[in-house]
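Source file: input12.txt; contents: compact mmCIF, C-alpha atoms.
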# COMPACT_ATOMS: atom_id res chain seq x y z
CA MET A 1 0.00 0.00 0.00
CA LYS A 2 1.18 3.53 -0.81
CA LYS A 3 2.14 5.94 1.96
CA LEU A 4 -1.02 6.98 3.77
CA ASN A 5 -2.15 10.58 4.01
CA PRO A 6 -2.47 12.36 7.40
CA GLU A 7 -6.27 12.18 7.32
CA THR A 8 -6.14 8.40 7.05
CA LEU A 9 -3.40 8.11 9.67
CA CYS A 10 -5.54 10.09 12.14
CA VAL A 11 -8.23 7.44 11.86
CA GLN A 12 -6.34 4.23 11.11
CA ALA A 13 -2.75 4.38 12.40
CA GLY A 14 -1.54 2.66 15.54
CA TRP A 15 -4.18 -0.03 15.98
CA THR A 16 -4.71 -2.80 13.41
CA PRO A 17 -6.98 -5.47 14.93
CA LYS A 18 -6.59 -9.10 13.95
CA LYS A 19 -9.36 -11.64 13.50
CA GLY A 20 -11.82 -11.44 16.35
CA GLU A 21 -10.17 -8.45 18.04
CA PRO A 22 -12.03 -5.21 18.89
CA ARG A 23 -12.30 -2.77 16.01
CA VAL A 24 -11.96 0.14 18.46
CA LEU A 25 -8.69 0.44 20.37
CA PRO A 26 -9.30 -1.20 23.78
CA ILE A 27 -8.36 0.33 27.12
CA TYR A 28 -5.82 -2.04 28.67
CA GLN A 29 -6.64 -0.90 32.19
CA SER A 30 -4.13 -3.15 33.89
CA THR A 31 -0.98 -2.34 35.81
CA THR A 32 0.66 -5.66 35.04
CA PHE A 33 0.84 -8.50 32.49
CA LYS A 34 1.20 -12.27 32.99
CA TYR A 35 4.01 -14.55 31.75
CA GLU A 36 4.52 -18.30 31.91
CA THR A 37 8.08 -18.46 33.20
CA SER A 38 10.51 -16.41 35.26
CA GLU A 39 12.94 -16.43 32.34
CA GLN A 40 10.39 -14.73 30.08
CA MET A 41 10.00 -11.91 32.58
CA ALA A 42 13.76 -11.65 33.14
CA ARG A 43 14.39 -11.16 29.42
CA LEU A 44 11.89 -8.27 29.39
CA PHE A 45 13.65 -6.58 32.30
CA ASP A 46 17.00 -6.92 30.49
CA LEU A 47 15.52 -5.43 27.27
CA GLU A 48 16.38 -8.66 25.44
CA ASP A 49 12.72 -9.20 24.45
CA SER A 50 9.95 -6.72 23.74
CA GLY A 51 6.64 -6.98 25.51
CA TYR A 52 4.53 -5.70 28.36
CA PHE A 53 5.09 -6.32 32.03
CA TYR A 54 4.27 -3.10 33.87
CA THR A 55 2.24 -0.12 32.64
CA ARG A 56 4.70 2.44 34.02
CA LEU A 57 7.02 1.42 31.19
CA GLN A 58 4.66 0.32 28.45
CA ASN A 59 0.98 -0.38 27.88
CA PRO A 60 -0.72 -1.61 24.68
CA THR A 61 -3.24 1.25 24.63
CA ASN A 62 -0.53 3.86 25.12
CA ASP A 63 1.76 2.27 22.55
CA ALA A 64 -0.98 2.23 19.90
CA VAL A 65 -1.66 5.94 20.39
CA ALA A 66 2.06 6.76 20.48
CA ALA A 67 2.49 4.86 17.21
CA LYS A 68 -0.29 6.95 15.64
CA ILE A 69 1.41 10.20 16.71
CA ALA A 70 4.77 8.92 15.41
CA ALA A 71 3.15 8.10 12.07
CA LEU A 72 1.57 11.55 11.86
CA GLU A 73 4.91 13.25 12.55
CA GLY A 74 6.89 10.86 10.33
CA GLY A 75 9.02 9.59 13.21
CA VAL A 76 10.43 6.16 14.04
CA GLY A 77 8.89 5.99 17.50
CA ALA A 78 7.09 7.92 20.22
CA MET A 79 6.27 7.81 23.91
CA LEU A 80 3.27 9.19 25.76
CA THR A 81 3.82 11.15 28.96
CA SER A 82 1.53 12.41 31.69
CA SER A 83 1.69 16.03 30.45
CA GLY A 84 3.34 18.31 27.93
CA GLN A 85 5.63 19.55 30.69
CA ALA A 86 6.80 15.97 31.28
CA ALA A 87 7.35 15.52 27.53
CA ASN A 88 9.62 18.57 27.30
CA PHE A 89 11.50 17.57 30.45
CA TYR A 90 12.06 14.01 29.20
CA ALA A 91 13.09 15.18 25.73
CA VAL A 92 15.90 17.32 27.14
CA PHE A 93 16.82 15.25 30.21
CA ASN A 94 17.21 12.14 28.03
CA ILE A 95 20.45 13.64 26.66
CA CYS A 96 21.44 16.06 29.45
CA GLN A 97 22.84 15.42 32.91
CA ALA A 98 24.34 17.49 35.73
CA GLY A 99 27.09 19.71 34.34
CA ASP A 100 25.50 19.97 30.88
CA HIS A 101 24.03 22.96 29.08
CA PHE A 102 21.47 23.55 26.36
CA VAL A 103 20.16 26.49 24.35
CA SER A 104 16.49 27.41 24.04
CA SER A 105 14.41 29.99 22.27
CA SER A 106 13.23 32.58 24.79
CA CYS A 107 9.80 32.63 23.13
CA ILE A 108 8.28 29.56 24.75
CA TYR A 109 5.42 28.69 27.10
CA GLY A 110 5.92 30.22 30.54
CA GLY A 111 5.80 26.85 32.30
CA THR A 112 8.53 25.51 30.03
CA TYR A 113 10.59 28.66 30.55
CA ASN A 114 10.40 28.10 34.30
CA LEU A 115 11.14 24.36 33.94
CA PHE A 116 14.29 25.09 31.94
CA GLY A 117 15.48 28.19 33.76
CA VAL A 118 14.68 27.29 37.37
CA THR A 119 13.90 23.62 37.99
CA MET A 120 16.47 22.05 35.66
CA LYS A 121 19.08 24.44 37.03
CA LYS A 122 18.54 22.75 40.41
CA LEU A 123 19.48 19.47 38.69
CA GLY A 124 22.76 21.00 37.52
CA ILE A 125 21.64 21.59 33.93
CA GLU A 126 22.00 25.16 32.64
CA VAL A 127 20.11 26.83 29.83
CA THR A 128 20.83 29.93 27.77
CA PHE A 129 17.77 31.62 26.27
CA VAL A 130 18.15 33.27 22.87
CA ASN A 131 15.92 35.46 20.75
CA PRO A 132 14.70 33.11 17.98
CA ASP A 133 14.84 35.96 15.49
CA ALA A 134 18.52 36.62 16.22
CA SER A 135 21.16 35.91 13.57
CA ASP A 136 22.93 32.58 13.24
CA GLU A 137 26.07 34.13 14.70
CA GLU A 138 24.27 35.47 17.78
CA ILE A 139 22.60 32.14 18.50
CA ILE A 140 25.80 30.15 17.92
CA ALA A 141 27.53 32.43 20.43
CA ALA A 142 25.27 30.93 23.13
CA PHE A 143 26.69 27.44 22.57
CA ARG A 144 29.36 25.93 24.82
CA PRO A 145 31.47 22.76 24.61
CA ASN A 146 28.95 21.05 26.95
CA THR A 147 25.83 22.15 25.03
CA LYS A 148 23.63 19.13 24.25
CA CYS A 149 20.61 20.42 22.31
CA LEU A 150 18.71 23.40 20.88
CA PHE A 151 15.01 23.86 21.71
CA GLY A 152 12.16 25.91 20.25
CA GLU A 153 8.40 26.00 19.71
CA THR A 154 6.97 25.89 16.19
CA ILE A 155 4.48 28.57 17.21
CA SER A 156 5.27 30.06 20.59
CA ASN A 157 2.69 30.07 23.36
CA PRO A 158 1.33 32.70 23.92
CA THR A 159 3.25 35.19 21.77
CA LEU A 160 2.76 33.35 18.43
CA GLU A 161 6.27 33.79 17.03
CA VAL A 162 6.85 31.34 14.18
CA LEU A 163 10.12 29.45 14.52
CA ASP A 164 12.44 29.37 11.51
CA ILE A 165 12.91 25.60 11.80
CA GLU A 166 15.43 25.30 8.98
CA LYS A 167 17.60 28.00 10.54
CA PHE A 168 17.45 26.40 14.00
CA ALA A 169 18.20 22.95 12.52
CA ARG A 170 21.16 24.33 10.59
CA ILE A 171 22.56 25.95 13.74
CA ALA A 172 21.99 22.86 15.91
CA HIS A 173 23.62 20.50 13.42
CA SER A 174 26.58 22.82 12.88
CA GLN A 175 27.25 22.42 16.61
CA GLY A 176 26.74 18.65 16.64
CA VAL A 177 23.49 18.64 18.65
CA PRO A 178 19.86 17.77 17.90
CA LEU A 179 17.04 20.26 17.45
CA ILE A 180 14.01 19.63 19.69
CA VAL A 181 10.79 21.33 18.57
CA ASP A 182 7.54 21.61 20.52
CA ASN A 183 4.92 21.26 17.78
CA THR A 184 1.83 21.59 19.98
CA PHE A 185 0.07 24.52 18.31
CA PRO A 186 0.21 23.61 14.59
CA THR A 187 0.09 19.81 15.18
CA PRO A 188 1.40 17.51 12.42
CA ILE A 189 -1.71 18.38 10.40
CA ASN A 190 -0.30 21.84 9.71
CA CYS A 191 3.46 21.36 10.22
CA ARG A 192 5.86 18.41 10.32
CA PRO A 193 9.15 19.72 11.75
CA PHE A 194 11.11 16.59 10.79
CA GLU A 195 10.70 17.57 7.15
CA TRP A 196 12.52 20.82 7.92
CA GLY A 197 15.45 19.31 9.81
CA ALA A 198 14.19 18.93 13.40
CA ASP A 199 15.33 15.75 15.17
CA ILE A 200 12.91 15.37 18.08
CA VAL A 201 9.35 16.68 18.42
CA THR A 202 7.31 17.14 21.57
CA HIS A 203 3.61 17.80 22.16
CA SER A 204 1.26 18.78 24.87
CA THR A 205 -1.43 16.37 23.71
CA THR A 206 -3.73 18.18 26.17
CA LYS A 207 -4.25 20.79 23.46
CA TYR A 208 -5.44 20.23 19.88
CA MET A 209 -4.62 16.51 19.78
CA ASP A 210 -7.11 15.78 22.55
CA GLY A 211 -9.14 18.78 21.46
CA HIS A 212 -11.91 18.53 24.03
CA ALA A 213 -10.22 19.44 27.35
CA THR A 214 -10.72 15.95 28.76
CA SER A 215 -7.18 14.65 29.31
CA VAL A 216 -3.81 16.07 30.28
CA GLY A 217 -0.97 14.42 28.38
CA GLY A 218 2.18 14.77 26.34
CA ALA A 219 4.26 12.98 23.72
CA VAL A 220 7.89 12.74 22.62
CA VAL A 221 8.62 11.69 19.03
CA ASP A 222 12.00 10.83 17.54
CA SER A 223 12.82 11.19 13.86
CA GLY A 224 15.55 8.55 14.11
CA ASN A 225 17.77 10.84 12.04
CA PHE A 226 20.28 12.29 14.47
CA PRO A 227 23.69 10.51 14.26
CA TRP A 228 24.33 9.97 17.99
CA GLU A 229 27.37 7.73 17.41
CA GLN A 230 29.03 10.47 15.36
CA TYR A 231 29.11 12.54 18.56
CA ALA A 232 29.55 9.68 21.01
CA ASP A 233 31.64 11.67 23.47
CA LYS A 234 28.89 14.27 23.72
CA PHE A 235 26.09 11.76 24.38
CA PRO A 236 27.47 9.10 26.76
CA GLY A 237 24.00 8.18 28.00
CA LEU A 238 23.16 6.82 24.56
CA CYS A 239 26.57 5.77 23.29
CA GLN A 240 28.20 4.26 26.39
CA PRO A 241 27.12 1.23 28.45
CA ASP A 242 24.19 1.69 30.84
CA GLU A 243 25.11 -0.10 34.06
CA SER A 244 21.45 -0.28 35.11
CA TYR A 245 20.94 -2.66 32.15
CA HIS A 246 24.06 -4.82 32.56
CA GLY A 247 26.21 -2.61 30.34
CA LEU A 248 23.81 -2.38 27.39
CA THR A 249 24.60 0.44 24.92
CA TYR A 250 21.43 1.91 23.42
CA THR A 251 22.80 3.00 20.06
CA GLN A 252 24.35 -0.43 19.44
CA ALA A 253 21.37 -2.43 20.67
CA PHE A 254 18.51 -0.37 19.21
CA GLY A 255 19.89 1.70 16.32
CA LYS A 256 17.40 4.39 15.27
CA MET A 257 15.24 3.57 18.30
CA ALA A 258 18.08 4.27 20.77
CA TYR A 259 16.75 7.64 21.95
CA MET A 260 13.16 6.44 22.43
CA THR A 261 14.22 3.19 24.09
CA LYS A 262 16.37 5.04 26.61
CA ALA A 263 13.57 7.51 27.32
CA THR A 264 11.18 4.64 28.04
CA ALA A 265 13.44 2.07 29.70
CA GLN A 266 15.42 4.53 31.82
CA LEU A 267 13.55 7.80 32.35
CA MET A 268 10.02 6.42 32.50
CA ARG A 269 11.25 3.55 34.66
CA ASP A 270 12.80 5.96 37.17
CA LEU A 271 10.55 9.03 36.98
CA GLY A 272 7.22 7.45 36.06
CA SER A 273 5.34 10.29 34.34
CA ILE A 274 3.22 7.83 32.36
CA GLN A 275 -0.06 8.71 30.69
CA SER A 276 -2.94 6.57 31.95
CA PRO A 277 -4.48 4.09 29.46
CA GLN A 278 -7.86 5.79 29.99
CA ASN A 279 -6.43 9.16 28.96
CA ALA A 280 -4.61 7.59 26.01
CA PHE A 281 -7.95 6.14 24.85
CA LEU A 282 -9.58 9.58 25.04
CA LEU A 283 -6.59 11.12 23.24
CA ASN A 284 -7.04 8.61 20.45
CA LEU A 285 -10.65 9.72 19.99
CA GLY A 286 -9.41 13.28 19.65
CA LEU A 287 -6.77 12.29 17.12
CA GLU A 288 -9.41 10.66 14.91
CA THR A 289 -10.93 14.09 14.19
CA LEU A 290 -7.77 16.22 14.37
CA HIS A 291 -7.64 16.58 10.58
CA LEU A 292 -11.22 17.90 10.57
CA ARG A 293 -10.91 20.26 13.51
CA MET A 294 -7.63 22.02 12.65
CA PRO A 295 -8.88 23.59 9.38
CA GLN A 296 -11.99 24.86 11.20
CA HIS A 297 -9.91 26.33 14.03
CA CYS A 298 -7.71 28.10 11.48
CA LYS A 299 -10.64 29.33 9.38
CA ASN A 300 -12.38 30.78 12.43
CA ALA A 301 -9.18 32.31 13.81
CA GLN A 302 -8.51 34.01 10.48
CA ALA A 303 -12.00 35.57 10.56
CA VAL A 304 -11.54 36.71 14.18
CA ALA A 305 -8.06 38.15 13.47
CA GLU A 306 -9.35 40.08 10.45
CA TYR A 307 -12.25 41.49 12.51
CA LEU A 308 -9.91 42.57 15.33
CA ALA A 309 -7.43 44.14 12.92
CA LYS A 310 -10.16 46.46 11.62
CA ASN A 311 -11.64 47.37 15.04
CA ASP A 312 -10.66 50.82 16.30
CA LYS A 313 -10.74 49.67 19.95
CA VAL A 314 -7.94 47.16 19.27
CA ALA A 315 -4.35 48.36 19.68
CA TRP A 316 -2.61 45.46 17.97
CA VAL A 317 -3.19 41.89 16.70
CA ASN A 318 -0.81 38.95 16.25
CA TYR A 319 -1.86 36.18 13.88
CA SER A 320 0.44 34.82 11.21
CA GLY A 321 -2.48 34.42 8.80
CA LEU A 322 -2.72 38.21 8.48
CA GLU A 323 -0.71 39.47 5.52
CA GLY A 324 0.86 42.28 7.51
CA ASP A 325 1.94 40.01 10.36
CA LYS A 326 5.68 39.85 11.09
CA TYR A 327 5.65 36.05 10.76
CA HIS A 328 3.34 35.76 7.76
CA ALA A 329 6.11 34.74 5.34
CA LEU A 330 7.53 32.09 7.70
CA ALA A 331 4.04 30.74 8.34
CA GLN A 332 3.42 30.47 4.61
CA LYS A 333 6.67 28.54 4.27
CA TYR A 334 6.18 26.06 7.10
CA MET A 335 2.37 26.03 7.44
CA PRO A 336 0.80 26.93 4.08
CA ASN A 337 -2.52 25.32 5.02
CA GLY A 338 -2.94 27.24 8.27
CA SER A 339 -1.15 27.70 11.56
CA CYS A 340 -3.43 27.30 14.58
CA GLY A 341 -6.57 28.73 16.17
CA VAL A 342 -4.88 31.04 18.68
CA VAL A 343 -4.96 34.82 18.20
CA THR A 344 -3.30 37.34 20.53
CA PHE A 345 -4.19 41.02 20.73
CA GLY A 346 -4.19 44.08 22.97
CA LEU A 347 -6.86 46.69 23.55
CA LYS A 348 -6.44 50.46 23.71
CA GLY A 349 -6.39 51.34 27.38
CA GLY A 350 -4.05 48.54 28.39
CA ARG A 351 -4.22 45.89 31.08
CA ASP A 352 -7.32 47.07 32.98
CA VAL A 353 -9.37 47.34 29.80
CA ALA A 354 -8.20 43.86 28.74
CA ILE A 355 -9.42 42.37 32.03
CA ARG A 356 -12.82 44.16 31.77
CA PHE A 357 -13.18 42.89 28.21
CA MET A 358 -12.50 39.28 29.27
CA ASP A 359 -14.95 39.53 32.15
CA SER A 360 -17.63 40.70 29.69
CA LEU A 361 -17.36 37.73 27.30
CA LYS A 362 -20.29 35.31 27.38
CA LEU A 363 -19.52 32.57 24.81
CA ALA A 364 -15.74 32.52 25.35
CA ALA A 365 -14.77 31.18 28.76
CA ILE A 366 -11.87 32.34 30.95
CA VAL A 367 -9.97 29.10 31.54
CA THR A 368 -6.37 27.95 32.07
CA HIS A 369 -6.41 26.19 28.75
CA VAL A 370 -5.89 26.73 25.06
CA ALA A 371 -6.54 24.85 21.80
CA ASP A 372 -9.94 23.50 22.75
CA ALA A 373 -13.04 22.85 20.62
CA ARG A 374 -14.64 25.62 22.68
CA THR A 375 -13.49 29.22 22.42
CA CYS A 376 -11.55 30.30 25.50
CA VAL A 377 -9.52 33.27 26.65
CA LEU A 378 -6.68 34.03 29.06
CA HIS A 379 -4.56 36.97 30.21
CA PRO A 380 -1.07 35.38 30.45
CA ALA A 381 0.58 38.14 32.50
CA SER A 382 -2.04 37.58 35.21
CA HIS A 383 -2.38 33.83 34.84
CA THR A 384 0.00 31.36 33.11
CA HIS A 385 3.04 33.65 33.20
CA ARG A 386 2.47 35.34 36.57
CA GLN A 387 5.52 33.56 38.03
CA LEU A 388 7.80 35.54 35.69
CA THR A 389 9.29 38.92 36.53
CA ASP A 390 8.54 41.94 34.36
CA GLU A 391 11.97 41.53 32.75
CA GLN A 392 11.31 37.85 32.01
CA LEU A 393 7.86 38.70 30.64
CA LEU A 394 9.40 41.19 28.24
CA ALA A 395 12.13 38.70 27.28
CA ALA A 396 9.42 36.15 26.50
CA GLY A 397 7.52 38.76 24.48
CA VAL A 398 4.50 38.82 26.81
CA ARG A 399 3.07 42.31 26.99
CA PRO A 400 0.98 43.34 30.03
CA ASP A 401 -2.09 43.85 27.82
CA LEU A 402 -1.71 40.60 25.83
CA ILE A 403 -4.96 38.65 25.52
CA ARG A 404 -4.64 35.04 24.35
CA PHE A 405 -7.82 34.20 22.47
CA SER A 406 -8.16 30.54 21.53
CA VAL A 407 -10.73 30.34 18.76
CA GLY A 408 -12.89 27.22 18.88
CA ILE A 409 -14.89 25.40 16.22
CA GLU A 410 -18.20 27.15 16.85
CA ASN A 411 -19.74 29.38 14.18
CA ALA A 412 -17.31 32.23 13.49
CA ALA A 413 -20.11 34.82 13.38
CA ASP A 414 -21.17 33.86 16.90
CA ILE A 415 -17.60 34.15 18.20
CA ILE A 416 -17.19 37.58 16.61
CA ALA A 417 -20.56 38.72 17.98
CA ASP A 418 -19.40 37.78 21.48
CA ILE A 419 -16.20 39.79 21.03
CA GLU A 420 -18.22 42.73 19.71
CA GLN A 421 -20.61 42.84 22.65
CA ALA A 422 -17.72 42.53 25.12
CA LEU A 423 -15.87 45.40 23.44
CA GLY A 424 -19.04 47.44 23.81

Write the structure described by the file as structure tokens, please.
Amino acid sequence: MKKLNPETLCVQAGWTPKKGEPRVLPIYQSTTFKYETSEQMARLFDLEDSGYFYTRLQNPTNDAVAAKIAALEGGVGAMLTSSGQAANFYAVFNICQAGDHFVSSSCIYGGTYNLFGVTMKKLGIEVTFVNPDASDEEIIAAFRPNTKCLFGETISNPTLEVLDIEKFARIAHSQGVPLIVDNTFPTPINCRPFEWGADIVTHSTTKYMDGHATSVGGAVVDSGNFPWEQYADKFPGLCQPDESYHGLTYTQAFGKMAYMTKATAQLMRDLGSIQSPQNAFLLNLGLETLHLRMPQHCKNAQAVAEYLAKNDKVAWVNYSGLEGDKYHALAQKYMPNGSCGVVTFGLKGGRDVAIRFMDSLKLAAIVTHVADARTCVLHPASHTHRQLTDEQLLAAGVRPDLIRFSVGIENAADIIADIEQALG
């Protein structure tokens, strides 16, 4: 059969039932799995055989959904995590240890900024944040001999900068490290970072992939393309024996699956941020309609952005679908079919007016969420990013008046009418 299109992968990938098996992916709601002999179990623990023995490491429901996400991104393998935060932590920590350093775009989700800049620092891992729009030379200047990866978001949350993936990949590879890209906002329906040189992709599956605000989750996907052995001294965790598995070396034992196997067999074993099979099942239902929902989100967001851009009570609007937007050209390059359903804007009168506007909305709900089937709104400086100082807010591009408006899949005229009455 020819290579399947994304629409078909959303519905069919990951689970192929055999004769007499359920057509719908089952929920394997079991912590453990039975074997006939002690030797069979021992071989699983030594990674000499593949199979299931404890859900903290692997579960058939989770693996089917992870396989679907890997297929959508064009990767060799994937792993589900308990949240998007866990996915980003695992993606970096899988190749970093105490004494290491990595470089990240400064235009990232506030929780990730804090994870990298505060929490991982306590583990002995340092980060240098760079302006993603800086020149190659400026970004390369942030690298050190102990730098292990470069990180960015395809579309930054909440500031909506579009990452120049090819530029970031070129810089990362020139320094002998992989590029990790959080692809949550566009999803693989609108952008596939591996096709532009990225090596590892992460997701908060809580957002568009689930799509209905039912389940918190994350995913890490590996392209299988980064040549770890070529930089063996830089990545000892992958290229040198792991004593916790009797001296097994991941790159030698698992080839292109080395990174994902280590993430599962070592990090998930020890840290345990597994997604529950129930949540994986719900995520799979969301994935089945992802290809239908994303175009509607983008269509509605475009209409909302165009309305806001013409309204004299609006000070500014960010949406890469607008022709005058700073990132319009990059969005056309990487996401020609649409970016995402999130629009940011500010109102004349500043922060106080923004809060009064949000409190006046009736259809759009104020929630700590984004990328939902339902339209929702948030004021990041007061909510998701309130742990950042004013200087950090400015560095992350979050203005005090910034309103993050996540456009749902309702009728666009109804969404605009709600904005209009709130502005009034």

Legend entry - 6 Å contact set for range 209-224 of chain A, only C-alpha atoms, chain neighbours under 4 positions out, as a ChimeraX atom specification: /A:70,75-84,87,199-205,256,279,283,286-287,372-373

Write the selection just made, keeping C-alpha atoms, as a short mmCIF file (atom, residue, chain, number, x, y, z; two decimals), in the coordinates of the input?
data_model
loop_
_atom_site.label_atom_id
_atom_site.label_comp_id
_atom_site.auth_asym_id
_atom_site.auth_seq_id
_atom_site.Cartn_x
_atom_site.Cartn_y
_atom_site.Cartn_z
CA ALA A 70 4.77 8.92 15.41
CA GLY A 75 9.02 9.59 13.21
CA VAL A 76 10.43 6.16 14.04
CA GLY A 77 8.89 5.99 17.50
CA ALA A 78 7.09 7.92 20.22
CA MET A 79 6.27 7.81 23.91
CA LEU A 80 3.27 9.19 25.76
CA THR A 81 3.82 11.15 28.96
CA SER A 82 1.53 12.41 31.69
CA SER A 83 1.69 16.03 30.45
CA GLY A 84 3.34 18.31 27.93
CA ALA A 87 7.35 15.52 27.53
CA ASP A 199 15.33 15.75 15.17
CA ILE A 200 12.91 15.37 18.08
CA VAL A 201 9.35 16.68 18.42
CA THR A 202 7.31 17.14 21.57
CA HIS A 203 3.61 17.80 22.16
CA SER A 204 1.26 18.78 24.87
CA THR A 205 -1.43 16.37 23.71
CA LYS A 256 17.40 4.39 15.27
CA ASN A 279 -6.43 9.16 28.96
CA LEU A 283 -6.59 11.12 23.24
CA GLY A 286 -9.41 13.28 19.65
CA LEU A 287 -6.77 12.29 17.12
CA ASP A 372 -9.94 23.50 22.75
CA ALA A 373 -13.04 22.85 20.62
#

Inset, instruction - Find the spatial neighbours of range 400-409 of chain A, counting only C-alpha atoms, within a cut-off of 9 Å - ignore same-chain residues fewer than 4 positions away - and output them as a PyMOL selection string. - result: chain A and resi 157-159+293-294+296-301+304+340-355+358+364+369-382+390+393-394+415

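Using all atoms listed in the file for every distance, the candidate list A:Arg43, A:Ala331, A:Ser50, A:Ser156 yields A:Ser50 as the residue closest to Thr261 in chain A.
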
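Among A:Lys167, A:Pro178, A:Asn62, A:Lys333, the residue with the shortest atom-to-atom distance to Gln29 in chain A, counting only C-alpha atoms, is A:Asn62.
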
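Note that CA of Glu195 in chain A and CA of Asn284 in chain A are 23.9 Å apart.
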
What box, with edges along x, y and z, holds each listed atom of range 297-305 of chain A when 6 Å is added on every side, and can you state its centre and edge lengths in Å to one decimal, as JSON?
{"center_x": -10.0, "center_y": 32.2, "center_z": 11.8, "size_x": 16.7, "size_y": 23.8, "size_z": 16.8}

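Between CA of Ala265 in chain A and CA of Asp49 in chain A the separation is 12.5 Å.
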
Inset, instruction - Take the point (-15.4, 39.9, 28.8) in the file's coordinates, draw a sphere of radius 10 Å around it, and report as a PyMOL selection string every protein, DNA or RNA residue with an atom inside or on it, counting only C-alpha atoms. - result: chain A and resi 353-366+377+418-424

Output for the residues just chosen: C-alpha atoms as an mmCIF file, keeping the file's coordinate frame:
data_model
loop_
_atom_site.group_PDB
_atom_site.id
_atom_site.type_symbol
_atom_site.label_atom_id
_atom_site.label_comp_id
_atom_site.auth_asym_id
_atom_site.auth_seq_id
_atom_site.Cartn_x
_atom_site.Cartn_y
_atom_site.Cartn_z
ATOM 1 C CA VAL A 353 -9.370 47.340 29.800
ATOM 2 C CA ALA A 354 -8.200 43.860 28.740
ATOM 3 C CA ILE A 355 -9.420 42.370 32.030
ATOM 4 C CA ARG A 356 -12.820 44.160 31.770
ATOM 5 C CA PHE A 357 -13.180 42.890 28.210
ATOM 6 C CA MET A 358 -12.500 39.280 29.270
ATOM 7 C CA ASP A 359 -14.950 39.530 32.150
ATOM 8 C CA SER A 360 -17.630 40.700 29.690
ATOM 9 C CA LEU A 361 -17.360 37.730 27.300
ATOM 10 C CA LYS A 362 -20.290 35.310 27.380
ATOM 11 C CA LEU A 363 -19.520 32.570 24.810
ATOM 12 C CA ALA A 364 -15.740 32.520 25.350
ATOM 13 C CA ALA A 365 -14.770 31.180 28.760
ATOM 14 C CA ILE A 366 -11.870 32.340 30.950
ATOM 15 C CA VAL A 377 -9.520 33.270 26.650
ATOM 16 C CA ASP A 418 -19.400 37.780 21.480
ATOM 17 C CA ILE A 419 -16.200 39.790 21.030
ATOM 18 C CA GLU A 420 -18.220 42.730 19.710
ATOM 19 C CA GLN A 421 -20.610 42.840 22.650
ATOM 20 C CA ALA A 422 -17.720 42.530 25.120
ATOM 21 C CA LEU A 423 -15.870 45.400 23.440
ATOM 22 C CA GLY A 424 -19.040 47.440 23.810
#

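Distance annotation: of A:Leu248, A:Ile189, A:Leu290, A:Gly197, the residue with the minimal separation from Asn337 in chain A is A:Ile189; atom set is all atoms listed in the file.
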
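Distance check against Thr368 in chain A using only C-alpha atoms: of A:Val181, A:Lys207, A:His246, A:Gly124, the minimum falls on A:Lys207.
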
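CA of Asp325 in chain A sits 16.7 Å away from CA of Val398 in chain A.
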
Legend entry - Within 12 Å of range 11-17 of chain A using all atoms listed in the file, minus same-chain residues under 2 positions, as a PyMOL selection string: chain A and resi 3-9+19-27+60-74+77-78+280-281+284-292

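You can rank A:Phe33, A:Phe116, A:Gln302, A:Asp182 by their closest distance to Asn59 in chain A using only C-alpha atoms, and at the top of that list sits A:Phe33.
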